[in-house]
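Coordinates as given in run-v1.cif (mmCIF, C-alpha atoms):
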```
data_model
#
loop_
_atom_site.label_atom_id
_atom_site.label_comp_id
_atom_site.auth_asym_id
_atom_site.auth_seq_id
_atom_site.Cartn_x
_atom_site.Cartn_y
_atom_site.Cartn_z
CA MET A 13 -28.71 -19.64 -14.49
CA GLN A 14 -27.62 -16.39 -16.12
CA ASN A 15 -26.78 -15.07 -12.68
CA THR A 16 -24.62 -18.07 -11.79
CA ARG A 17 -22.68 -17.68 -14.98
CA LEU A 18 -22.06 -14.02 -14.22
CA VAL A 19 -20.85 -14.85 -10.72
CA GLU A 20 -18.57 -17.56 -12.03
CA THR A 21 -17.15 -15.27 -14.70
CA MET A 22 -16.48 -12.54 -12.17
CA VAL A 23 -14.72 -14.99 -9.86
CA GLY A 24 -12.66 -16.20 -12.80
CA VAL A 25 -11.69 -12.64 -13.64
CA PHE A 26 -10.80 -12.01 -9.99
CA ILE A 27 -8.53 -15.03 -9.76
CA ALA A 28 -6.92 -14.22 -13.10
CA ALA A 29 -6.33 -10.62 -11.99
CA GLY A 30 -4.74 -11.84 -8.76
CA ALA A 31 -2.49 -14.24 -10.63
CA ALA A 32 -1.59 -11.52 -13.13
CA ALA A 33 -0.71 -9.15 -10.29
CA LEU A 34 1.56 -11.75 -8.73
CA LEU A 35 3.14 -12.44 -12.11
CA MET A 36 3.68 -8.73 -12.65
CA LEU A 37 5.30 -8.46 -9.23
CA ALA A 38 7.52 -11.43 -10.02
CA MET A 39 8.55 -10.31 -13.50
CA LYS A 40 8.43 -6.57 -13.50
CA VAL A 41 9.18 -5.66 -9.90
CA SER A 42 11.56 -8.34 -8.71
CA ASN A 43 14.60 -9.85 -10.36
CA LEU A 44 13.11 -13.28 -10.97
CA ASN A 45 13.54 -12.78 -14.69
CA ALA A 46 17.04 -11.45 -14.19
CA PHE A 47 18.65 -14.41 -15.85
CA SER A 48 16.51 -14.30 -18.94
CA ASP A 49 16.94 -10.53 -19.13
CA VAL A 50 20.73 -10.72 -19.37
CA GLU A 51 21.18 -11.76 -22.94
CA GLY A 52 23.32 -10.74 -25.84
CA TYR A 53 26.96 -11.27 -26.65
CA GLU A 54 29.37 -11.49 -23.75
CA VAL A 55 32.61 -9.60 -23.31
CA THR A 56 34.90 -9.73 -20.30
CA ALA A 57 37.15 -7.19 -18.64
CA GLN A 58 39.61 -7.39 -15.76
CA PHE A 59 39.65 -4.78 -13.05
CA GLU A 60 41.95 -4.32 -10.09
CA ASN A 61 39.08 -3.20 -7.94
CA ILE A 62 35.41 -3.27 -8.80
CA GLY A 63 34.20 -1.35 -5.75
CA GLY A 64 30.49 -1.91 -5.24
CA LEU A 65 29.74 -3.29 -8.71
CA LYS A 66 27.13 -6.06 -8.65
CA VAL A 67 25.69 -8.58 -11.06
CA LEU A 68 22.97 -6.76 -13.05
CA SER A 69 24.71 -3.39 -12.75
CA PRO A 70 24.28 -1.45 -15.99
CA VAL A 71 26.86 -1.16 -18.77
CA SER A 72 26.55 2.09 -20.66
CA VAL A 73 28.11 4.14 -23.42
CA GLY A 74 27.60 7.87 -23.17
CA GLY A 75 24.94 7.31 -20.52
CA VAL A 76 22.88 4.92 -22.65
CA ARG A 77 22.48 1.47 -21.19
CA ILE A 78 23.65 -1.15 -23.68
CA GLY A 79 23.90 -4.19 -21.41
CA ARG A 80 24.34 -5.54 -17.92
CA VAL A 81 26.97 -7.24 -15.82
CA SER A 82 26.16 -10.93 -15.99
CA ALA A 83 28.89 -12.43 -13.78
CA ILE A 84 31.71 -11.38 -11.52
CA ASP A 85 34.61 -13.76 -10.82
CA PHE A 86 38.05 -13.54 -9.32
CA ASP A 87 41.13 -14.51 -11.31
CA GLN A 88 43.52 -16.30 -8.96
CA GLU A 89 46.53 -15.83 -11.22
CA ASP A 90 46.38 -12.10 -11.79
CA TYR A 91 44.55 -11.39 -8.54
CA GLU A 92 42.08 -9.28 -10.42
CA ALA A 93 38.32 -9.25 -10.69
CA VAL A 94 36.91 -10.60 -13.96
CA VAL A 95 33.65 -8.97 -14.93
CA THR A 96 31.53 -10.61 -17.62
CA MET A 97 29.11 -8.30 -19.37
CA ALA A 98 26.21 -9.18 -21.63
CA ILE A 99 25.83 -6.56 -24.34
CA ASN A 100 22.59 -6.10 -26.21
CA PRO A 101 23.13 -7.62 -29.71
CA GLN A 102 21.77 -4.47 -31.34
CA TYR A 103 24.98 -2.67 -30.29
CA ASP A 104 27.48 -4.75 -32.26
CA ARG A 105 29.75 -1.98 -33.54
CA LEU A 106 31.92 -1.36 -30.49
CA PRO A 107 35.61 -1.12 -31.52
CA VAL A 108 38.01 -3.68 -30.02
CA ASP A 109 40.02 -0.93 -28.32
CA THR A 110 37.02 0.25 -26.35
CA SER A 111 37.98 1.02 -22.77
CA ALA A 112 35.88 0.13 -19.74
CA SER A 113 35.79 2.10 -16.50
CA ILE A 114 33.76 1.76 -13.35
CA PHE A 115 31.85 4.91 -12.45
CA THR A 116 29.47 5.88 -9.71
CA SER A 117 26.22 7.58 -10.64
CA GLY A 118 26.14 10.56 -8.32
CA LEU A 119 28.15 10.74 -5.15
CA LEU A 120 26.33 7.93 -3.39
CA GLY A 121 24.57 6.25 -6.29
CA GLU A 122 25.02 2.76 -7.66
CA GLN A 123 28.09 1.80 -9.67
CA TYR A 124 28.09 1.02 -13.34
CA ILE A 125 30.52 0.27 -16.14
CA GLY A 126 31.04 3.00 -18.72
CA PHE A 127 32.52 2.20 -22.14
CA GLU A 128 34.62 4.70 -24.04
CA PRO A 129 34.69 3.63 -27.72
CA GLY A 130 38.08 3.59 -29.40
CA GLY A 131 39.04 4.10 -33.05
CA GLU A 132 39.68 0.58 -34.35
CA GLU A 133 37.91 -0.74 -37.42
CA ARG A 134 37.35 -4.19 -35.94
CA PHE A 135 34.45 -4.69 -33.56
CA LEU A 136 34.01 -6.56 -30.29
CA LYS A 137 32.33 -9.94 -30.57
CA ASP A 138 31.21 -12.71 -28.24
CA GLY A 139 33.98 -13.90 -25.88
CA ASP A 140 36.31 -10.95 -26.44
CA GLN A 141 38.20 -9.32 -23.63
CA ILE A 142 38.48 -5.59 -23.06
CA THR A 143 42.06 -4.83 -22.07
CA LEU A 144 41.85 -1.09 -21.38
CA THR A 145 40.19 -0.86 -18.00
CA GLN A 146 40.05 1.57 -15.16
CA SER A 147 39.14 0.47 -11.66
CA ALA A 148 36.45 1.87 -9.46
CA MET A 149 37.26 4.94 -7.45
CA VAL A 150 36.84 3.96 -3.85
CA LEU A 151 35.78 7.03 -1.94
CA GLU A 152 37.41 5.93 1.32
CA GLN A 153 40.76 5.47 -0.42
CA ILE A 154 40.59 8.90 -2.02
CA ILE A 155 39.70 10.54 1.27
CA GLY A 156 42.47 8.57 2.94
CA GLN A 157 45.01 9.70 0.35
CA PHE A 158 43.82 13.26 0.64
CA ILE A 159 44.19 13.29 4.41
CA PHE A 160 47.58 11.60 4.12
CA SER A 161 48.87 14.17 1.62
CA LYS A 162 47.53 17.05 3.70
CA ALA A 163 49.21 15.61 6.76
CA SER A 164 52.57 15.17 5.00
CA GLU A 165 52.30 18.74 3.60
CA GLY A 166 51.73 20.05 7.10
CA GLY A 167 54.72 18.08 8.38
CA GLY A 168 57.03 19.48 5.62
CA GLU A 169 56.53 23.13 6.53
CA MET B 29 -12.98 -10.42 47.37
CA SER B 30 -15.50 -9.56 44.74
CA PHE B 31 -12.74 -7.82 42.74
CA PHE B 32 -10.76 -11.05 42.48
CA GLN B 33 -13.90 -12.97 41.70
CA GLN B 34 -14.67 -10.54 38.89
CA LEU B 35 -11.14 -10.77 37.56
CA GLY B 36 -11.25 -14.55 37.61
CA HIS B 37 -14.67 -14.53 35.99
CA HIS B 38 -13.49 -12.38 33.11
CA ALA B 39 -10.28 -14.35 32.67
CA LEU B 40 -12.13 -17.66 32.59
CA ALA B 41 -14.67 -16.26 30.14
CA ALA B 42 -11.87 -15.02 27.88
CA PHE B 43 -10.11 -18.38 27.94
CA GLN B 44 -13.36 -20.24 27.30
CA ARG B 45 -13.96 -18.03 24.33
CA LEU B 46 -10.43 -18.66 23.04
CA GLY B 47 -10.97 -22.40 23.45
CA ARG B 48 -14.29 -22.22 21.60
CA ALA B 49 -12.60 -20.26 18.83
CA ASN B 50 -9.93 -22.93 18.45
CA LEU B 51 -12.44 -25.78 18.44
CA PHE B 52 -14.42 -23.79 15.88
CA LEU B 53 -11.36 -23.42 13.63
CA TRP B 54 -10.58 -27.10 13.95
CA THR B 55 -14.11 -28.15 12.99
CA VAL B 56 -14.05 -25.78 10.03
CA LEU B 57 -10.71 -27.15 8.84
CA VAL B 58 -12.05 -30.69 9.04
CA GLY B 59 -14.95 -29.58 6.85
CA VAL B 60 -12.68 -28.02 4.21
CA PRO B 61 -11.86 -31.15 2.13
CA GLY B 62 -15.59 -31.81 1.65
CA LEU B 63 -15.73 -28.51 -0.24
CA LEU B 64 -14.14 -30.17 -3.25
CA PHE B 65 -17.54 -31.68 -3.97
CA ARG B 66 -19.33 -28.36 -3.50
CA LEU B 67 -17.28 -26.02 -5.61
CA ARG B 68 -20.33 -23.93 -6.47
CA LEU B 69 -20.66 -22.85 -2.82
CA LEU B 70 -17.02 -21.83 -2.81
CA ILE B 71 -17.38 -19.83 -6.02
CA GLN B 72 -20.37 -17.93 -4.64
CA GLN B 73 -18.36 -17.02 -1.56
CA LEU B 74 -15.30 -16.07 -3.60
CA PHE B 75 -17.59 -13.64 -5.39
CA ALA B 76 -18.99 -12.18 -2.17
CA VAL B 77 -15.67 -12.02 -0.32
CA GLY B 78 -13.14 -11.45 -3.08
CA VAL B 79 -14.70 -9.88 -6.15
CA LEU B 80 -16.79 -7.39 -4.19
CA SER B 81 -13.68 -6.25 -2.29
CA LEU B 82 -11.81 -5.56 -5.54
CA VAL B 83 -12.92 -1.97 -6.03
CA ILE B 84 -11.82 -0.71 -2.63
CA ILE B 85 -8.53 -2.61 -2.90
CA VAL B 86 -7.70 -1.24 -6.35
CA VAL B 87 -8.61 2.36 -5.50
CA ALA B 88 -6.80 2.27 -2.16
CA GLY B 89 -3.74 0.62 -3.72
CA LEU B 90 -3.53 3.25 -6.45
CA PHE B 91 -3.63 6.16 -4.01
CA VAL B 92 -1.31 4.57 -1.46
CA GLY B 93 1.20 3.99 -4.25
CA MET B 94 0.86 7.56 -5.51
CA VAL B 95 1.34 9.01 -2.02
CA LEU B 96 4.39 6.79 -1.51
CA GLY B 97 5.76 8.06 -4.81
CA LEU B 98 5.22 11.70 -3.86
CA GLN B 99 6.56 11.50 -0.32
CA GLY B 100 9.46 9.28 -1.30
CA TYR B 101 10.40 11.66 -4.07
CA TYR B 102 10.45 14.72 -1.80
CA THR B 103 12.73 12.94 0.66
CA LEU B 104 15.02 11.22 -1.83
CA VAL B 105 15.49 14.23 -4.11
CA ASP B 106 17.45 16.02 -1.36
CA PHE B 107 20.08 13.31 -1.59
CA GLY B 108 20.05 13.14 -5.37
CA ALA B 109 18.80 9.59 -5.03
CA GLU B 110 15.36 9.95 -6.61
CA GLU B 111 16.21 7.06 -8.94
CA SER B 112 15.78 4.81 -5.91
CA LEU B 113 12.12 5.79 -5.77
CA GLY B 114 11.08 2.58 -7.51
CA VAL B 115 12.93 0.46 -4.97
CA MET B 116 11.37 2.35 -2.09
CA VAL B 117 7.84 2.15 -3.43
CA ALA B 118 8.09 -1.51 -4.41
CA LEU B 119 9.73 -2.70 -1.21
CA SER B 120 7.34 -0.83 1.07
CA LEU B 121 4.41 -2.20 -0.87
CA VAL B 122 5.33 -5.85 -1.28
CA ARG B 123 6.83 -6.23 2.18
CA GLU B 124 4.48 -4.23 4.37
CA LEU B 125 1.76 -2.04 2.96
CA GLY B 126 0.36 -4.51 0.45
CA PRO B 127 -0.41 -7.31 2.90
CA VAL B 128 -1.22 -5.05 5.87
CA VAL B 129 -3.39 -2.37 4.29
CA ALA B 130 -5.15 -4.93 2.10
CA ALA B 131 -5.86 -7.02 5.24
CA LEU B 132 -7.19 -3.98 7.12
CA LEU B 133 -9.46 -3.09 4.22
CA PHE B 134 -10.44 -6.73 3.90
CA ALA B 135 -11.39 -6.85 7.59
CA GLY B 136 -13.51 -3.75 7.17
CA ARG B 137 -15.11 -4.68 3.88
CA ALA B 138 -15.46 -8.48 3.89
CA GLY B 139 -14.91 -9.41 7.55
CA SER B 140 -17.68 -7.22 8.88
CA ALA B 141 -20.05 -8.50 6.20
CA LEU B 142 -19.24 -12.12 7.12
CA THR B 143 -19.86 -11.52 10.82
CA ALA B 144 -23.13 -9.74 10.21
CA GLU B 145 -24.30 -12.44 7.82
CA ILE B 146 -23.47 -15.37 10.11
CA GLY B 147 -24.73 -13.51 13.17
CA LEU B 148 -28.05 -12.82 11.49
CA MET B 149 -28.29 -16.43 10.34
CA LYS B 150 -27.86 -17.42 13.97
CA THR B 151 -30.33 -14.82 15.24
CA THR B 152 -33.00 -15.88 12.78
CA GLU B 153 -32.27 -19.53 13.69
CA GLN B 154 -31.28 -20.53 10.18
CA LEU B 155 -28.26 -22.33 11.57
CA SER B 156 -30.40 -24.32 14.02
CA GLY B 157 -32.78 -25.00 11.17
CA MET B 158 -29.97 -26.55 9.17
CA GLU B 159 -28.98 -28.71 12.10
CA MET B 160 -32.57 -29.90 12.33
CA MET B 161 -32.31 -31.00 8.71
CA ALA B 162 -29.07 -32.85 9.51
CA VAL B 163 -27.02 -30.35 7.52
CA ASP B 164 -23.88 -29.32 9.35
CA PRO B 165 -23.83 -25.50 9.19
CA LEU B 166 -20.10 -25.51 9.84
CA LYS B 167 -19.56 -27.44 6.62
CA ARG B 168 -22.35 -25.92 4.56
CA VAL B 169 -22.06 -22.26 5.63
CA ILE B 170 -18.81 -21.58 7.43
CA ALA B 171 -16.24 -23.71 5.58
CA PRO B 172 -16.83 -22.18 2.11
CA ARG B 173 -16.59 -18.67 3.55
CA PHE B 174 -13.39 -19.57 5.36
CA VAL B 175 -11.71 -21.00 2.27
CA ALA B 176 -12.91 -18.08 0.16
CA GLY B 177 -11.38 -15.62 2.63
CA VAL B 178 -8.07 -17.45 2.81
CA LEU B 179 -7.86 -17.70 -1.00
CA SER B 180 -8.94 -14.12 -1.64
CA MET B 181 -6.57 -12.39 0.74
CA PRO B 182 -3.26 -13.16 -1.06
CA LEU B 183 -4.84 -12.33 -4.41
CA LEU B 184 -6.15 -9.02 -3.08
CA ALA B 185 -2.80 -8.20 -1.50
CA ALA B 186 -0.98 -8.97 -4.75
CA ILE B 187 -3.41 -6.77 -6.69
CA PHE B 188 -2.96 -4.02 -4.09
CA SER B 189 0.84 -4.15 -4.44
CA ALA B 190 0.79 -4.28 -8.22
CA VAL B 191 -1.64 -1.38 -8.51
CA GLY B 192 0.38 0.49 -5.88
CA VAL B 193 3.56 0.14 -7.92
CA MET B 194 1.64 1.55 -10.88
CA GLY B 195 0.51 4.42 -8.68
CA GLY B 196 4.08 5.07 -7.61
CA TYR B 197 5.07 5.01 -11.27
CA VAL B 198 2.38 7.52 -12.18
CA ALA B 199 3.35 9.88 -9.36
CA GLY B 200 7.12 9.46 -9.66
CA VAL B 201 7.76 9.06 -13.37
CA THR B 202 4.78 10.69 -15.05
CA LEU B 203 4.20 13.60 -12.69
CA LEU B 204 7.60 14.27 -11.11
CA GLY B 205 9.89 13.18 -13.91
CA VAL B 206 12.01 10.44 -12.35
CA ASP B 207 13.90 8.53 -15.04
CA GLU B 208 11.73 5.64 -16.17
CA GLY B 209 14.57 3.21 -16.83
CA ALA B 210 16.17 3.80 -13.44
CA PHE B 211 12.79 3.47 -11.73
CA TRP B 212 12.28 -0.05 -13.08
CA SER B 213 15.86 -1.28 -13.28
CA GLN B 214 16.79 -0.33 -9.72
CA MET B 215 13.54 -1.89 -8.56
CA GLN B 216 14.33 -5.11 -10.36
CA GLY B 217 17.87 -5.03 -9.07
CA ARG B 218 16.94 -4.72 -5.44
CA VAL B 219 13.61 -6.52 -5.00
CA ASP B 220 14.13 -10.23 -4.54
CA PHE B 221 11.38 -12.64 -5.51
CA HIS B 222 11.83 -15.12 -2.69
CA GLU B 223 12.95 -12.74 0.02
CA ASP B 224 10.47 -9.96 -0.57
CA ILE B 225 7.55 -11.01 -2.70
CA MET B 226 7.07 -14.54 -1.38
CA ASN B 227 7.34 -13.31 2.21
CA GLY B 228 4.66 -10.75 1.42
CA VAL B 229 2.48 -13.53 0.04
CA ILE B 230 3.05 -15.66 3.16
CA LYS B 231 2.06 -12.69 5.29
CA SER B 232 -1.13 -12.14 3.36
CA VAL B 233 -2.09 -15.82 3.65
CA VAL B 234 -1.62 -15.63 7.43
CA PHE B 235 -3.67 -12.44 7.57
CA GLY B 236 -6.35 -14.08 5.44
CA VAL B 237 -6.64 -16.99 7.88
CA VAL B 238 -6.71 -14.73 10.93
CA VAL B 239 -9.18 -12.15 9.62
CA THR B 240 -11.59 -14.73 8.23
CA TRP B 241 -11.34 -16.84 11.35
CA ILE B 242 -12.10 -13.91 13.64
CA ALA B 243 -14.94 -12.71 11.43
CA LEU B 244 -16.60 -16.11 11.20
CA PHE B 245 -16.16 -16.95 14.85
CA GLU B 246 -17.52 -13.61 16.02
CA GLY B 247 -20.58 -14.16 13.87
CA TYR B 248 -21.02 -17.76 15.01
CA ASP B 249 -20.50 -16.86 18.66
CA ALA B 250 -22.60 -13.68 18.60
CA VAL B 251 -25.37 -13.13 21.12
CA PRO B 252 -28.47 -13.80 19.00
CA THR B 253 -30.03 -10.36 19.24
CA SER B 254 -29.74 -7.33 17.00
CA GLU B 255 -27.48 -5.68 19.57
CA GLY B 256 -25.38 -8.84 19.83
CA VAL B 257 -24.84 -8.91 16.05
CA SER B 258 -23.90 -5.25 15.95
CA ARG B 259 -21.39 -5.73 18.79
CA ALA B 260 -19.95 -8.82 17.11
CA THR B 261 -19.46 -6.86 13.88
CA THR B 262 -17.64 -4.09 15.70
CA ARG B 263 -15.47 -6.61 17.52
CA THR B 264 -14.58 -8.29 14.23
CA VAL B 265 -13.21 -5.09 12.74
CA VAL B 266 -11.36 -4.07 15.92
CA TYR B 267 -9.90 -7.48 16.77
CA ALA B 268 -9.03 -8.37 13.19
CA SER B 269 -7.26 -5.04 12.60
CA LEU B 270 -5.31 -5.29 15.84
CA ALA B 271 -4.42 -8.92 15.14
CA VAL B 272 -3.17 -7.98 11.66
CA LEU B 273 -0.99 -5.15 12.96
CA GLY B 274 0.41 -7.22 15.83
CA LEU B 275 1.05 -10.29 13.70
CA ASP B 276 2.71 -8.14 11.08
CA PHE B 277 5.38 -7.15 13.57
CA VAL B 278 5.94 -10.76 14.61
CA LEU B 279 6.08 -12.01 11.02
CA THR B 280 8.41 -9.21 9.95
CA ALA B 281 10.75 -9.96 12.84
CA LEU B 282 10.69 -13.65 11.93
CA MET B 283 11.13 -13.29 8.17
CA PHE B 284 13.29 -10.22 7.67
CA GLY B 285 15.25 -10.45 10.91
CA GLU B 286 18.87 -11.43 11.15
CA VAL B 287 17.96 -14.74 12.77
#
```
Representation of the structure as structure tokens:
Amino acid sequence: MQNTRLVETMVGVFIAAGAAALLMLAMKVSNLNAFSDVEGYEVTAQFENIGGLKVLSPVSVGGVRIGRVSAIDFDQEDYEAVVTMAINPQYDRLPVDTSASIFTSGLLGEQYIGFEPGGEERFLKDGDQITLTQSAMVLEQIIGQFIFSKASEGGGE
Amino acid sequence: MSFFQQLGHHALAAFQRLGRANLFLWTVLVGVPGLLFRLRLLIQQLFAVGVLSLVIIVVAGLFVGMVLGLQGYYTLVDFGAEESLGVMVALSLVRELGPVVAALLFAGRAGSALTAEIGLMKTTEQLSGMEMMAVDPLKRVIAPRFVAGVLSMPLLAAIFSAVGVMGGYVAGVTLLGVDEGAFWSQMQGRVDFHEDIMNGVIKSVVFGVVVTWIALFEGYDAVPTSEGVSRATTRTVVYASLAVLGLDFVLTALMFGEV
């Protein structure tokens, strides 16, 4: 009888370990919990061009991640992208004149939003909009402009 | 003439064997619902098939993950993209290596044991003995082992993947100094639960069915001599491994293809 109990316990542990592994894969490895992870107060910003920014891309100040992009929409009146960001509530002292820019980590890395805090005394709160924004640098455009300017220089001489 | 006769003989024998294997699977599947009243049998087999395979799965998963972390790092660091290490490790594990390597190990560890056990039961006429006592060996002996194999395989594959991700973390973050936050956040950003993890689980269930089926059938169909059992055991490992690798290609093409 002792033996049966041991076998049953081991099987129980095995099944629990399997379920825990699957749960860990679901929660820790994949983005199943993405929607519960994005929490905090939300601020929006409009960009002309967001490049390769995606939902869940990081929002950081000075390289420290303080939140994530929670939604990306398109404003049909201004023809600009509206990015909604969820900022961790622990960072609640961002001035209202904070500016937001889209950067790329490394030459080929993923894109993220970087905040540059301003000097105002009032702080951003839920639902606010960041007005000072700078669009993503699209590498193809820059290369295109560079080639174009080189070509026109060559033509002028 | 005798060449064609030989060819035909072998072909017919192969098809007969395939037919027997399918009938065997069908009879086993019919016997599966009756298991609900014999849960103890199932638990014993889950122990033999699943729990006893845990050690090899965990150790193999850890080292496979660590090697993935090391090799991935050396390649990615040239492009300044070592933050993507987590994505690489996790995707390779949950999509391919978890189900496939776990199934190969499972075939070697549990499949061979099943074949040898059933084959010996047949050789020592225990199966005929059961039939004499009006106990259906397919229901009493084979069905619990089949269900145990099919249930264990996805659990083992999930454990393999999870431990592998830990191994990749140890190698990449702890030993080589990849940023911990980027390791996890990029992984979470790129690995999709339904696309990647559930497809891996589906794969491992299919592999579980195939490996257990082959193992049980080879044992049940073995020539009842010591040599016959040894050949059946070898065939189990070879056929099951080849079937897993071949099916993996088909399943990958079906699930991750552009279709």
Output of the PyMOL selection byres ((chain B) within 6 of (chain A)), listed as a list in words: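 Answer for the PyMOL selection byres ((chain B) within 6 of (chain A)): Phe75, Val79, Leu183, Ala186, Ile187, Ala190, Met215, Gln216, Gly217, Val219, Asp220 and Phe221 of chain B.
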Quick one: residues within 6 Å of B:Tyr101, all atoms listed in the file, excluding same-chain residues fewer than 4 positions away - as a list in words?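 Those residues are Gly97, Val105 and Glu110 of chain B.
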Just want the 7 Å neighbourhood of A:Gln146, counted on all atoms listed in the file, with same-chain residues fewer than 3 positions away dropped. Output as a PyMOL selection string. chain A and resi 59+112-114
When you draw a straight line from atom CA of A:Thr145 to atom CA of A:Glu92, how long is it in Å?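 Spanning atom CA of A:Thr145 to atom CA of A:Glu92 is a straight-line distance of 11.5 Å.
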Check what the PyMOL selection byres ((chain B and resi 259-271) around 7) selects in the file above and give those residues as a CSV table (one decimal) with C-alpha atoms, keeping the file's coordinate frame.
```csv
chain,number,residue,atom,x,y,z
B,132,LEU,CA,-7.2,-4.0,7.1
B,135,ALA,CA,-11.4,-6.8,7.6
B,136,GLY,CA,-13.5,-3.8,7.2
B,139,GLY,CA,-14.9,-9.4,7.6
B,140,SER,CA,-17.7,-7.2,8.9
B,143,THR,CA,-19.9,-11.5,10.8
B,144,ALA,CA,-23.1,-9.7,10.2
B,239,VAL,CA,-9.2,-12.2,9.6
B,242,ILE,CA,-12.1,-13.9,13.6
B,243,ALA,CA,-14.9,-12.7,11.4
B,246,GLU,CA,-17.5,-13.6,16.0
B,247,GLY,CA,-20.6,-14.2,13.9
B,250,ALA,CA,-22.6,-13.7,18.6
B,255,GLU,CA,-27.5,-5.7,19.6
B,256,GLY,CA,-25.4,-8.8,19.8
B,257,VAL,CA,-24.8,-8.9,16.0
B,258,SER,CA,-23.9,-5.2,16.0
B,272,VAL,CA,-3.2,-8.0,11.7
B,273,LEU,CA,-1.0,-5.2,13.0
B,274,GLY,CA,0.4,-7.2,15.8
B,275,LEU,CA,1.0,-10.3,13.7
```
Suppose you want the space between atom CA of B:Gly62 and atom CA of B:Met161; what is it in Å? 18.2 Å
Residues near B:Ala171, anyone? I mean within 9 Å using only C-alpha atoms, not counting same-chain ones fewer than 5 positions away, as a ChimeraX atom specification. /B:55-60,63,70,165-166,176
